[in-house]
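Undergrad: Once you've had a glance at the structure underneath, I'll fire off some questions.
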Number of protein chains: 2
Amino acid sequence: MQDTRGFYSIIDYTVDGPQTQLELIEAFAGLQEKWVRFYPGYKSAHLFASTDGSRVYNIIHWDSEEAHREFERVSDNAARIAAIQGAIDSLKGKAEPRMSGPPRYRLVREVAPGPRPTDA
Amino acid sequence: MQDTRGFYSIIDYTVDGPQTQLELIEAFAGLQEKWVRFYPGYKSAHLFASTDGSRVYNIIHWDSEEAHREFERVSDNAARIAAIQGAIDSLKGKAEPRMSGPPRYRLVREVAPGPRPTDA
């Protein structure tokens, strides 16, 4: 990962198996394309599947907290949220959100590769 | 984020406030330096704090699933896990894991910036 400054949304779901995992990832990718990726300051979305088939993450990277705030100010939030809910509801399997608050994050620390400590 | 192929550990905690959030992030960074970042195939760890003060993510990026498996094969897992538990136990505040299974992830999709759909 390079140029990791900025602001992140981290979206987190449990799902009932690998089929739903891939279905949800495809749905999230479509939602990004239709509702998010053309706003100024959008950098990327990365969609992760746990190897045990139980969990999906969507990590959306923005240039800055200001860019994210502006996106929320000018975009149609109600329609986007309805589209997300519609996508979740139309899955064949089950997906449950694991977010415990507004999914807004700052990158605080980064640990690069480095030497083994000499006292270890 | 560039060169995002590979394999990921996604570590997820709820905490009781911004103070614990930063304390936990510092602890995780120290654990990466002492126990993880010198193994072959380690690329980075990124530590995220939610803006509401309630949550911490540690996203560790490896070159490949094989590199991660080899790390688990040759490293002292019991000592590392004990060190993690020790760090959690010695926080002034409270931190609770939110992992629901082995925190191992593959990157499945990436959505780059792109045009607004013409039918939207």
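Simple scheme: letters A, B, ... for chains in structure tokens order, numbers from 1 for residues in each chain, numbers from 1 for ligands in the order shown.
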For chain A against chain B, which residues fall within 7 Å using only C-alpha atoms, given as a PyMOL selection string?

TA: chain A and resi 1-4+29+34+37-38+42-51+103-117

Undergrad: Please report the interatomic distance between CA of Pro18 (chain A) and CA of Phe71 (chain B) in Å with one decimal.

TA: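 These two atoms are separated by 25.6 Å.
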
Undergrad: Quick one: pull the distance between CA of His68 (chain A) and CA of Glu96 (chain A), Å, one decimal.

TA: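 Pair CA of His68 (chain A) / CA of Glu96 (chain A) returns 24.4 Å.
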
Undergrad: Please provide as a ChimeraX atom specification all residues within 12 Å of Leu91 (chain A), with the sequence filter that same-chain residues fewer than 2 positions apart are discarded (counting only C-alpha atoms).

TA: /A:15-17,19-28,84-89,93-96

Undergrad: Put those residues in a file: N, CA, C and O atoms, as an mmCIF file, in the first residue's frame.

TA:
data_model
loop_
_atom_site.group_PDB
_atom_site.id
_atom_site.type_symbol
_atom_site.label_atom_id
_atom_site.label_comp_id
_atom_site.auth_asym_id
_atom_site.auth_seq_id
_atom_site.Cartn_x
_atom_site.Cartn_y
_atom_site.Cartn_z
ATOM 1 N N VAL A 15 -21.347 -13.193 6.895
ATOM 2 C CA VAL A 15 -22.211 -13.824 5.897
ATOM 3 C C VAL A 15 -22.300 -15.319 6.194
ATOM 4 O O VAL A 15 -21.504 -15.860 6.970
ATOM 5 N N ASP A 16 -23.263 -15.977 5.531
ATOM 6 C CA ASP A 16 -23.531 -17.384 5.853
ATOM 7 C C ASP A 16 -22.763 -18.363 4.965
ATOM 8 O O ASP A 16 -23.097 -19.549 4.952
ATOM 9 N N GLY A 17 -21.741 -17.915 4.263
ATOM 10 C CA GLY A 17 -20.912 -18.855 3.504
ATOM 11 C C GLY A 17 -20.245 -18.209 2.304
ATOM 12 O O GLY A 17 -20.517 -17.048 1.977
ATOM 13 N N GLN A 19 -20.536 -18.549 -0.876
ATOM 14 C CA GLN A 19 -21.396 -18.113 -1.972
ATOM 15 C C GLN A 19 -21.915 -16.693 -1.713
ATOM 16 O O GLN A 19 -21.812 -15.812 -2.572
ATOM 17 N N THR A 20 -22.451 -16.491 -0.522
ATOM 18 C CA THR A 20 -22.949 -15.168 -0.145
ATOM 19 C C THR A 20 -21.806 -14.155 -0.101
ATOM 20 O O THR A 20 -21.985 -12.986 -0.462
ATOM 21 N N GLN A 21 -20.644 -14.615 0.351
ATOM 22 C CA GLN A 21 -19.464 -13.747 0.400
ATOM 23 C C GLN A 21 -19.190 -13.130 -0.977
ATOM 24 O O GLN A 21 -19.064 -11.906 -1.116
ATOM 25 N N LEU A 22 -19.147 -13.981 -2.006
ATOM 26 C CA LEU A 22 -18.849 -13.478 -3.347
ATOM 27 C C LEU A 22 -20.007 -12.653 -3.899
ATOM 28 O O LEU A 22 -19.798 -11.631 -4.555
ATOM 29 N N GLU A 23 -21.231 -13.083 -3.591
ATOM 30 C CA GLU A 23 -22.408 -12.337 -4.042
ATOM 31 C C GLU A 23 -22.400 -10.922 -3.436
ATOM 32 O O GLU A 23 -22.658 -9.936 -4.140
ATOM 33 N N LEU A 24 -22.079 -10.830 -2.147
ATOM 34 C CA LEU A 24 -22.044 -9.529 -1.482
ATOM 35 C C LEU A 24 -20.919 -8.657 -2.030
ATOM 36 O O LEU A 24 -21.095 -7.450 -2.242
ATOM 37 N N ILE A 25 -19.778 -9.263 -2.292
ATOM 38 C CA ILE A 25 -18.646 -8.503 -2.849
ATOM 39 C C ILE A 25 -19.009 -7.949 -4.224
ATOM 40 O O ILE A 25 -18.741 -6.781 -4.526
ATOM 41 N N GLU A 26 -19.659 -8.761 -5.057
ATOM 42 C CA GLU A 26 -20.092 -8.263 -6.370
ATOM 43 C C GLU A 26 -21.100 -7.124 -6.205
ATOM 44 O O GLU A 26 -21.051 -6.127 -6.927
ATOM 45 N N ALA A 27 -22.011 -7.279 -5.246
ATOM 46 C CA ALA A 27 -23.010 -6.226 -4.998
ATOM 47 C C ALA A 27 -22.343 -4.929 -4.544
ATOM 48 O O ALA A 27 -22.651 -3.844 -5.048
ATOM 49 N N PHE A 28 -21.398 -5.029 -3.601
ATOM 50 C CA PHE A 28 -20.690 -3.832 -3.122
ATOM 51 C C PHE A 28 -19.911 -3.170 -4.268
ATOM 52 O O PHE A 28 -19.875 -1.943 -4.378
ATOM 53 N N ILE A 84 -28.110 0.256 -1.065
ATOM 54 C CA ILE A 84 -27.323 -0.715 -0.287
ATOM 55 C C ILE A 84 -28.272 -1.713 0.368
ATOM 56 O O ILE A 84 -28.095 -2.930 0.276
ATOM 57 N N GLN A 85 -29.329 -1.188 1.006
ATOM 58 C CA GLN A 85 -30.287 -2.070 1.673
ATOM 59 C C GLN A 85 -30.941 -3.014 0.673
ATOM 60 O O GLN A 85 -31.108 -4.204 0.950
ATOM 61 N N GLY A 86 -31.291 -2.472 -0.511
ATOM 62 C CA GLY A 86 -31.872 -3.313 -1.555
ATOM 63 C C GLY A 86 -30.936 -4.433 -1.974
ATOM 64 O O GLY A 86 -31.369 -5.574 -2.178
ATOM 65 N N ALA A 87 -29.639 -4.115 -2.090
ATOM 66 C CA ALA A 87 -28.655 -5.130 -2.490
ATOM 67 C C ALA A 87 -28.544 -6.221 -1.423
ATOM 68 O O ALA A 87 -28.495 -7.414 -1.738
ATOM 69 N N ILE A 88 -28.521 -5.799 -0.156
ATOM 70 C CA ILE A 88 -28.443 -6.774 0.952
ATOM 71 C C ILE A 88 -29.698 -7.655 0.949
ATOM 72 O O ILE A 88 -29.614 -8.890 1.055
ATOM 73 N N ASP A 89 -30.867 -7.027 0.797
ATOM 74 C CA ASP A 89 -32.132 -7.764 0.839
ATOM 75 C C ASP A 89 -32.262 -8.746 -0.313
ATOM 76 O O ASP A 89 -32.955 -9.763 -0.179
ATOM 77 N N GLY A 93 -28.339 -15.474 0.115
ATOM 78 C CA GLY A 93 -27.983 -15.839 1.496
ATOM 79 C C GLY A 93 -28.175 -14.672 2.448
ATOM 80 O O GLY A 93 -28.823 -13.679 2.114
ATOM 81 N N LYS A 94 -27.611 -14.832 3.642
ATOM 82 C CA LYS A 94 -27.775 -13.820 4.685
ATOM 83 C C LYS A 94 -26.486 -13.062 4.942
ATOM 84 O O LYS A 94 -25.411 -13.664 5.038
ATOM 85 N N ALA A 95 -26.616 -11.754 5.142
ATOM 86 C CA ALA A 95 -25.476 -10.904 5.496
ATOM 87 C C ALA A 95 -25.902 -9.972 6.616
ATOM 88 O O ALA A 95 -26.978 -9.374 6.558
ATOM 89 N N GLU A 96 -25.061 -9.878 7.658
ATOM 90 C CA GLU A 96 -25.370 -9.041 8.818
ATOM 91 C C GLU A 96 -24.267 -8.019 9.021
ATOM 92 O O GLU A 96 -23.088 -8.387 9.091
#

Undergrad: Among chain A, which residues carry a DSSP assignment of strand (DSSP E), reported as a PyMOL selection string?

TA: chain A and resi 7-15+42-50+55-62+95-97+104-111

Undergrad: Within chain A, find each residue whose DSSP state, derived from the backbone, is alpha helix (DSSP H), and express the selection as a PyMOL selection string.

TA: chain A and resi 18-35+65-74+77-89

Undergrad: Can you tell me how far CA of Leu31 (chain A) sits from CA of Ser90 (chain A), in Å to one decimal?

TA: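 Atom-to-atom, CA of Leu31 (chain A) and CA of Ser90 (chain A) are spaced 13.4 Å apart.
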